[in-house]
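Asks: Take this structure first; my questions come after.
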Amino acid sequence: MNNSKKQPLIAVVGPTASGKTAVGAALAKLYGGEVISADSMQIYSGFDITSAKPTAEEMGGIPHHMLSIVPMNTDFSVADYCRLAREKINRIAEHNRIPVIVGGTGLYINSLIDNINFDSTSSDSAIRERLITELNAYGKEAMHKRLMETDPETAVMVSPNNTVRVIRAIEVFEVTGIKFSDYRVLNKGTHTDYSLCMIGLDYKDRQDLYDRINRRVDIMSENGMVDECRLIFENEQLKTACQAIGYKELLPYFRNEAELSVCIDRIKQNTRRYAKRQLTWFRRDDRINWIYLDNVIIFNKIIDYCEKIVAKSKII
RNA sequence: GGCGCUAUAGCCAAGUGGUAAGGCAAGGGUCUGCAACACCCUUAUUCCCCGGUUCAAAUCCGGGUGGCGCCU
């Protein structure tokens, strides 16, 4: 009912290599919008080929935001993403244009549209470093036990092996004095600021997606991914960006510890697994209208489907 | 043609008389400041086939079939 007051927003989501880039740009063109990328690796400058950043041609003259906005050697987090992306959305809205979120990083997208609150300081790198030192000294079971004492709800949910989450939960408690389980509830967005239309791209036959992924890795390789990563390997001190698929699998090759073809196969495999994880993230969101691309050969057909979905959502 | 070795999941395998380890791949799931991260769960009623011995066989015996190696 008060949907009309909310900012309309289109989101194009899906696994890697499903074709989001082209669809996003086409929808932005169709509705007079601008694209906001939601990709945790395309955020970094450099890594143009490796992270499959849209080319100028693919952007088709449509403004794209949140691409190449931070140097590779800096830390970046969801909180930073939400803050910056909201600024962009507000500016686009002021010009009465439609923001089109396009990306595969589920955490970024959900945090943004579901209004999760990251404002209160609840991160402290000094404390985190100390906790990691303690983890190395006492072991993961000891850290998990410590979490169990202060916050059993979270401890039960998180395996002792999942040291990343265990440490974060302890960190939140030490910084804020609030249990992570309560912190989650407190910061949970109670509403969305947007009048949403979410479109998901996928393939009914998983093998079709995997074939696309394998092919794309070969193409990226032909287009200079290896040289791009080698240059970064030789010149940069990466922080968060060192997790990029493509980069980390090539490291053994740069160190003369593995053959290139083995590393390329590894990139394909890790990309496939990543796509699978993306799908489990997005599948649980029933706001998403899925389009299955298996037998769709003509691109405009996809856009026709999208148009119908957007019309039905009545956000515009 | 003769001799020897071998056969366990999609792949690599452990198991040599007591009721099928493990790894990889695959599938499903979790996710609130590193998320292209991290983690969790599932996956052989059966061990190439046929017969025998035994309370009990993937394991021992005989035969067959496939693979590998050597000899002629």
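Identifiers in the structure tokens: chain A, B, ... in order shown; residue index from 1 per chain; ligand index from 1 in order shown.
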At a cut-off of 12 Å, can you tabulate as JSON lines every residue of chain B near chain A together with its closest atom pair and the distance in Å to one decimal, using only C-alpha atoms (C1' of nucleotides) and ordering rows by chain then number?
Replies:
```
{"residue": "B:C24", "atom": "C1'", "partner": "A:Gln269", "partner_atom": "CA", "distance": 11.9}
{"residue": "B:A25", "atom": "C1'", "partner": "A:Gln269", "partner_atom": "CA", "distance": 9.7}
{"residue": "B:A26", "atom": "C1'", "partner": "A:Arg273", "partner_atom": "CA", "distance": 10.3}
{"residue": "B:G27", "atom": "C1'", "partner": "A:Lys276", "partner_atom": "CA", "distance": 9.9}
{"residue": "B:G28", "atom": "C1'", "partner": "A:Thr280", "partner_atom": "CA", "distance": 8.7}
{"residue": "B:G29", "atom": "C1'", "partner": "A:Thr280", "partner_atom": "CA", "distance": 7.4}
{"residue": "B:U30", "atom": "C1'", "partner": "A:Met157", "partner_atom": "CA", "distance": 8.8}
{"residue": "B:C31", "atom": "C1'", "partner": "A:Leu107", "partner_atom": "CA", "distance": 8.1}
{"residue": "B:U32", "atom": "C1'", "partner": "A:Arg184", "partner_atom": "CA", "distance": 5.8}
{"residue": "B:G33", "atom": "C1'", "partner": "A:Ala79", "partner_atom": "CA", "distance": 5.4}
{"residue": "B:C34", "atom": "C1'", "partner": "A:Thr240", "partner_atom": "CA", "distance": 5.6}
{"residue": "B:A35", "atom": "C1'", "partner": "A:Leu107", "partner_atom": "CA", "distance": 6.5}
{"residue": "B:A36", "atom": "C1'", "partner": "A:Ala244", "partner_atom": "CA", "distance": 5.1}
{"residue": "B:C37", "atom": "C1'", "partner": "A:Gln243", "partner_atom": "CA", "distance": 7.2}
{"residue": "B:A38", "atom": "C1'", "partner": "A:Val164", "partner_atom": "CA", "distance": 5.9}
{"residue": "B:C39", "atom": "C1'", "partner": "A:Asn162", "partner_atom": "CA", "distance": 5.0}
{"residue": "B:C40", "atom": "C1'", "partner": "A:Ser159", "partner_atom": "CA", "distance": 7.6}
```
Asks: Identify, with DSSP run on backbone atoms, the residues in range 45-131 of chain A assigned to alpha helix (DSSP H), and express the list as a PyMOL selection string.
Replies: chain A and resi 56-59+78-94+106-113+125-131
Asks: Go through range 33-237 of chain A and collect every residue that DSSP, computed from the backbone, puts in strand (DSSP E); the answer should be as a list in words.
Replies: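 Residues of range 33-237 of chain A classed as strand (DSSP E): Gly33, Glu34, Val35, Ile36, Ser37, His64, His65, Ile98, Pro99, Val100, Ile101, Val102, Tyr194, Ser195, Leu196, Cys197, Met198, Ile199, Gly200, Leu201 and Asp202 of chain A.
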Asks: Can you pull out the residues contacting A20 in chain B? Cut-off 12 Å, using only C-alpha atoms (C1' of nucleotides), and skip same-chain residues under 5 positions away; I want them as a PyMOL selection string.
Replies: chain B and resi 8-9+14-15+44-47+58-59
Asks: Considering only C-alpha atoms, can you say which of A:Leu251, A:Val217, A:Ala17, A:Ile36 comes closest to Ile232 in chain A?
Replies: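 Counting only C-alpha atoms, the residue closest to Ile232 in chain A is A:Leu251.
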Asks: Work out how far CA of Arg206 in chain A is from CA of Ile267 in chain A, in Å to one decimal.
Replies: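 Between these atoms lies a distance of 17.7 Å.
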Asks: Using only C-alpha atoms, which residue out of A:Gly19, A:Pro54, A:Gly46, A:Pro152 lies closest to Val70 in chain A?
Replies: A:Gly46
Asks: Need to verify the contact set: range 262-266 of chain A, 12 Å, only C-alpha atoms (C1' of nucleotides), exclusion of same-chain residues closer than 6 positions in sequence. Can you return it as a PyMOL selection string?
Replies: chain A and resi 50+213-222+225-226+245-256+272-273
Asks: Kindly indicate which residue among A:Ile309, A:Leu9, A:Ile49, A:Leu147 lies nearest to Arg86 in chain A, using only C-alpha atoms for the distances.
Replies: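 The answer is A:Leu9, which sits nearest to Arg86 in chain A.
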Asks: Considering only C-alpha atoms (C1' of nucleotides), state which residue in the set B:C48, B:C55, B:C41, B:A21 is at the smallest distance from A7 in chain B.
Replies: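 When distances to A7 in chain B are compared using only C-alpha atoms (C1' of nucleotides), the smallest one comes from B:C48.
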Asks: Considering only C-alpha atoms, state which residue in the set A:Glu58, A:Glu153, A:Glu87, A:Asp48 is at the smallest distance from Val23 in chain A.
Replies: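 The closest residue to Val23 in chain A is A:Glu58.
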Asks: Could you check the closest approach to Val100 in chain A for each of A:Tyr210, A:Tyr194, A:Phe299, A:Phe233 and tell me which residue wins, using only C-alpha atoms?
Replies: A:Tyr194
